[in-house]
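Peer 1: Got a structure here, written out as structure tokens. Questions coming.
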Amino acid sequence: MLIIGEKLNGAIKAVAEAIKNRDGDFIRDLASKQLLQRADYLDICSGRPDCDAEILKWMIGLIQNDHPDVRFSLDSPNPDTILECMPLCKNPGIINSVSLEKNKTGSIFPAVADKNGWKMIALLLDDTGMPETVEKRMESFHGITAKMMEYGISINRVYFDPLVFTVGTSPDSFLNFINTSKEIKKECPDAHIISGLSNISYGLPYRKALNHAFLVGAMMFGMDSAIMDPLNRDLLGGVYAAEALLGKDEYCIEYLSAYRDDLFGGVK
């Protein structure tokens, strides 16, 4: 399971305050904590369209000084911001995100086609708006894969996000996610599936219960990566447990190692 740490996001009040005050200690500490808890990549999002690139560059410099091996998920709705920040990253990262909306694939794909280490998250949507059905999501999947072929981008470099909305207002959200995942896996068994994990519980109480249930259920249907909170020890424990139950952790070696290292919650 590939984990992208979600905490360095300007949409979070404490992070927004740290960005506003250029509180480097806060940003560096939050980055270090996520990396210690199995985050493979750190998602960095400014939440400030007025100075998006400037803030991401600041965050990249701060964190790389402490962690030269860090890999970033560059999170911006503006393709120009992403293209401007990529050269500052010492290690290949993930672009979050591309889609058929406003021809984002047309901006990003040519720029990364020959940068083999870089990967991308592809949202299954287009200019017609948020997809309500599996069929609509699959139309975007086919459009994105056609673009990938055009630029010679292999399937293992793209993480497809079937999109999940809060179950509080979209009762079929989880079912649409897993049914889209099944269709993708049927057509491309090697395709990666990702989600913004906490979207499922937005606006509802006791969110961690819904997030945990979504995580395990989605992993059963092929989700192999997530943008999530690695500091939630119960949620991280769910990742190790699901991997063990799905036969992806032979003899529970990783599960036992994580337990010994106290990486997830529980009573010893």
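All residue names refer to the structure tokens as shown: chains lettered A, B, ... in order, residues numbered from 1 in each chain, ligands numbered from 1 in order.
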Based on DSSP run over this structure's backbone, return all residues of region 114-194 of chain A in helix (DSSP H, G or I), as a ChimeraX atom specification.

Peer 2: /A:134-151,155-157,173-187

Peer 1: Extract the full set of strand (DSSP E) residues from region 12-239 of chain A according to DSSP on the backbone, and format it as a list in words.

Peer 2: Tyr41, Leu42, Asp43, Ile44, Cys45, Phe72, Ser73, Leu74, Asp75, Ile94, Ile95, Asn96, Ser97, Val98, Lys119, Met120, Ile121, Ala122, Leu123, Val158, Tyr159, Phe160, Asp161, His192, Ile193, Ser225, Ala226, Ile227 and Met228 of chain A

Peer 1: Can I get the selection written as a compact mmCIF listing (two decimals), in the first residue's frame, with N, CA and C atoms?

Peer 2:
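Saved as result-v2.txt:
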```txt
# COMPACT_ATOMS: atom_id res chain seq x y z
N TYR A 41 5.13 9.36 0.36
CA TYR A 41 5.19 10.68 -0.26
C TYR A 41 4.51 11.66 0.69
N LEU A 42 4.88 12.92 0.59
CA LEU A 42 4.20 13.98 1.33
C LEU A 42 3.44 14.85 0.35
N ASP A 43 2.13 14.92 0.52
CA ASP A 43 1.33 15.83 -0.29
C ASP A 43 1.50 17.24 0.27
N ILE A 44 1.83 18.18 -0.60
CA ILE A 44 1.95 19.58 -0.17
C ILE A 44 1.01 20.43 -1.02
N CYS A 45 0.15 21.15 -0.33
CA CYS A 45 -0.88 21.96 -0.99
C CYS A 45 -0.96 23.29 -0.26
N PHE A 72 7.76 14.18 -2.91
CA PHE A 72 6.58 15.02 -2.75
C PHE A 72 5.46 14.62 -3.70
N SER A 73 4.26 14.85 -3.24
CA SER A 73 3.09 14.88 -4.10
C SER A 73 2.73 16.35 -4.27
N LEU A 74 3.00 16.88 -5.46
CA LEU A 74 2.76 18.31 -5.72
C LEU A 74 1.27 18.49 -6.02
N ASP A 75 0.60 19.17 -5.11
CA ASP A 75 -0.86 19.25 -5.14
C ASP A 75 -1.29 20.68 -5.48
N ILE A 94 5.10 12.70 -7.26
CA ILE A 94 3.79 12.44 -7.85
C ILE A 94 3.11 13.77 -8.12
N ILE A 95 2.48 13.89 -9.25
CA ILE A 95 1.72 15.09 -9.59
C ILE A 95 0.26 14.86 -9.21
N ASN A 96 -0.26 15.71 -8.37
CA ASN A 96 -1.63 15.60 -7.89
C ASN A 96 -2.37 16.90 -8.25
N SER A 97 -3.02 16.89 -9.39
CA SER A 97 -3.45 15.75 -10.17
C SER A 97 -3.64 16.20 -11.63
N VAL A 98 -3.94 15.21 -12.48
CA VAL A 98 -4.31 15.49 -13.86
C VAL A 98 -5.72 14.96 -14.11
N LYS A 119 5.42 10.23 -11.28
CA LYS A 119 4.13 9.57 -11.43
C LYS A 119 3.02 10.61 -11.33
N MET A 120 1.80 10.19 -11.63
CA MET A 120 0.67 11.11 -11.63
C MET A 120 -0.57 10.48 -11.03
N ILE A 121 -1.39 11.30 -10.42
CA ILE A 121 -2.73 10.90 -10.00
C ILE A 121 -3.71 11.43 -11.03
N ALA A 122 -4.53 10.54 -11.56
CA ALA A 122 -5.49 10.93 -12.60
C ALA A 122 -6.91 10.85 -12.05
N LEU A 123 -7.56 12.00 -11.97
CA LEU A 123 -8.95 12.05 -11.53
C LEU A 123 -9.86 11.71 -12.70
N VAL A 158 0.71 5.91 -13.45
CA VAL A 158 -0.50 6.69 -13.19
C VAL A 158 -1.36 5.98 -12.14
N TYR A 159 -1.81 6.74 -11.16
CA TYR A 159 -2.71 6.25 -10.12
C TYR A 159 -4.10 6.83 -10.40
N PHE A 160 -5.04 5.95 -10.70
CA PHE A 160 -6.38 6.39 -11.10
C PHE A 160 -7.26 6.57 -9.87
N ASP A 161 -7.88 7.74 -9.79
CA ASP A 161 -8.78 8.06 -8.68
C ASP A 161 -10.21 8.04 -9.19
N HIS A 192 -3.06 1.06 -11.07
CA HIS A 192 -3.11 1.47 -9.67
C HIS A 192 -4.41 2.23 -9.41
N ILE A 193 -4.98 2.01 -8.22
CA ILE A 193 -6.19 2.72 -7.78
C ILE A 193 -5.85 3.50 -6.52
N SER A 225 -3.30 2.37 -2.97
CA SER A 225 -2.66 3.62 -2.56
C SER A 225 -3.73 4.56 -2.05
N ALA A 226 -3.32 5.49 -1.18
CA ALA A 226 -4.30 6.44 -0.63
C ALA A 226 -3.62 7.70 -0.16
N ILE A 227 -4.32 8.81 -0.32
CA ILE A 227 -3.92 10.07 0.31
C ILE A 227 -4.64 10.07 1.66
N MET A 228 -3.86 9.94 2.73
CA MET A 228 -4.50 9.70 4.03
C MET A 228 -3.64 10.28 5.15
```

Peer 1: Using only C-alpha atoms, determine which residues lie at most 10 Å from Gln64 (chain A), disregarding the query and same-chain residues fewer than 2 positions distant; provide the list as a count of residues only.

Peer 2: 17

Peer 1: Using only C-alpha atoms, which of A:Trp58, A:Leu163, A:Leu100, A:Met223 sits nearest Glu139 (chain A)?

Peer 2: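 Of the candidates, the smallest distance to Glu139 (chain A) is held by A:Leu100.
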
Peer 1: Have a look at A:Val239, A:Val167, A:Leu231, A:Ala258 and name the one nearest to Lys7 (chain A); count only C-alpha atoms.

Peer 2: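 Counting only C-alpha atoms, the residue closest to Lys7 (chain A) is A:Leu231.
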
Peer 1: So the first atom is CA of Glu6 (chain A) and the second is CA of Asp229 (chain A); what is the distance between them in Å, to one decimal place?

Peer 2: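 Result for CA of Glu6 (chain A) versus CA of Asp229 (chain A): 5.5 Å, one decimal.
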
Peer 1: Can you work out which one of A:Lys248, A:Pro110, A:Leu215, A:Lys13 has the shortest atom-to-atom distance to Asp234 (chain A), counting only C-alpha atoms?

Peer 2: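 Checking each of A:Lys248, A:Pro110, A:Leu215, A:Lys13 against Asp234 (chain A), counting only C-alpha atoms, the winner is A:Leu215.
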
Peer 1: Within 12 Å of Ser181 (chain A), counting only C-alpha atoms, which residues show up once you throw out same-chain ones fewer than 4 positions away? Write them as a PyMOL selection string, please.

Peer 2: chain A and resi 124+134-135+137-138+141+159-164+174-177+185-195+217-224

Peer 1: Using C-alpha atoms, can you export the residues from the last selection as a PDB file, in the first residue's frame?

Peer 2:
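Now in selection30.pdb:
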```pdb
ATOM      1  CA  LEU A 124     -11.719  10.430 -13.552  1.00  0.00           C
ATOM      2  CA  VAL A 134     -19.584   4.325 -13.128  1.00  0.00           C
ATOM      3  CA  GLU A 135     -20.098   4.681 -16.886  1.00  0.00           C
ATOM      4  CA  ARG A 137     -16.039   7.635 -14.805  1.00  0.00           C
ATOM      5  CA  MET A 138     -15.010   4.938 -17.270  1.00  0.00           C
ATOM      6  CA  PHE A 141     -10.604   6.517 -17.784  1.00  0.00           C
ATOM      7  CA  TYR A 159      -2.710   6.253 -10.121  1.00  0.00           C
ATOM      8  CA  PHE A 160      -6.379   6.390 -11.104  1.00  0.00           C
ATOM      9  CA  ASP A 161      -8.777   8.064  -8.677  1.00  0.00           C
ATOM     10  CA  PRO A 162     -12.383   6.905  -9.307  1.00  0.00           C
ATOM     11  CA  LEU A 163     -13.490   9.752  -7.000  1.00  0.00           C
ATOM     12  CA  VAL A 164     -15.304   9.344  -3.742  1.00  0.00           C
ATOM     13  CA  PHE A 174     -18.640   3.873  -1.998  1.00  0.00           C
ATOM     14  CA  LEU A 175     -20.428   1.525  -4.392  1.00  0.00           C
ATOM     15  CA  ASN A 176     -19.574   3.750  -7.360  1.00  0.00           C
ATOM     16  CA  PHE A 177     -15.941   3.812  -6.236  1.00  0.00           C
ATOM     17  CA  LYS A 185      -8.978  -3.804 -12.944  1.00  0.00           C
ATOM     18  CA  LYS A 186     -10.945  -5.901 -15.423  1.00  0.00           C
ATOM     19  CA  GLU A 187      -9.560  -3.886 -18.334  1.00  0.00           C
ATOM     20  CA  CYS A 188      -6.089  -3.191 -16.892  1.00  0.00           C
ATOM     21  CA  PRO A 189      -5.130  -5.628 -14.096  1.00  0.00           C
ATOM     22  CA  ASP A 190      -1.887  -3.743 -13.429  1.00  0.00           C
ATOM     23  CA  ALA A 191      -3.545  -0.344 -12.988  1.00  0.00           C
ATOM     24  CA  HIS A 192      -3.107   1.474  -9.669  1.00  0.00           C
ATOM     25  CA  ILE A 193      -6.186   2.717  -7.781  1.00  0.00           C
ATOM     26  CA  ILE A 194      -5.984   5.622  -5.333  1.00  0.00           C
ATOM     27  CA  SER A 195      -8.367   7.710  -3.262  1.00  0.00           C
ATOM     28  CA  GLY A 217     -13.400  -2.146   1.796  1.00  0.00           C
ATOM     29  CA  ALA A 218     -11.637  -0.308  -1.033  1.00  0.00           C
ATOM     30  CA  MET A 219      -8.455  -2.343  -0.555  1.00  0.00           C
ATOM     31  CA  MET A 220     -10.518  -5.489  -1.078  1.00  0.00           C
ATOM     32  CA  PHE A 221     -11.423  -4.219  -4.546  1.00  0.00           C
ATOM     33  CA  GLY A 222      -7.966  -3.221  -5.707  1.00  0.00           C
ATOM     34  CA  MET A 223      -7.137   0.129  -4.102  1.00  0.00           C
ATOM     35  CA  ASP A 224      -3.376   0.010  -3.541  1.00  0.00           C
TER      36      ASP A 224
END
```

Peer 1: So which residues touch Lys136 (chain A) within 10 Å, counting only C-alpha atoms, skipping near sequence neighbours fewer than 3 positions away, as number ranges by chain?

Peer 2: A: 124-126, 128, 130-133, 139-141, 180

Peer 1: Using only C-alpha atoms, which residues sit within 9 Å of Leu263 (chain A) once same-chain residues fewer than 5 positions away are excluded, as a VMD selection string?

Peer 2: chain A and resid 36 to 38 233 236 to 237 257 to 258

Peer 1: Using only C-alpha atoms, find the one residue out of A:Ile3, A:Met86, A:Ala18, A:Asp114 that sits nearest to Leu235 (chain A).

Peer 2: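 For Leu235 (chain A), the nearest of the given residues is A:Ile3.
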
Peer 1: Nearest to Lys33 (chain A): which of A:Ala209, A:Ile63, A:Leu245, A:Ile155 is it, counting only C-alpha atoms?

Peer 2: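 Distance minimum relative to Lys33 (chain A) lands on A:Ile63.
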
Peer 1: So what do you get for CA of Ile200 (chain A) versus CA of Phe165 (chain A), distance-wise?

Peer 2: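 These two atoms are separated by 5.4 Å.
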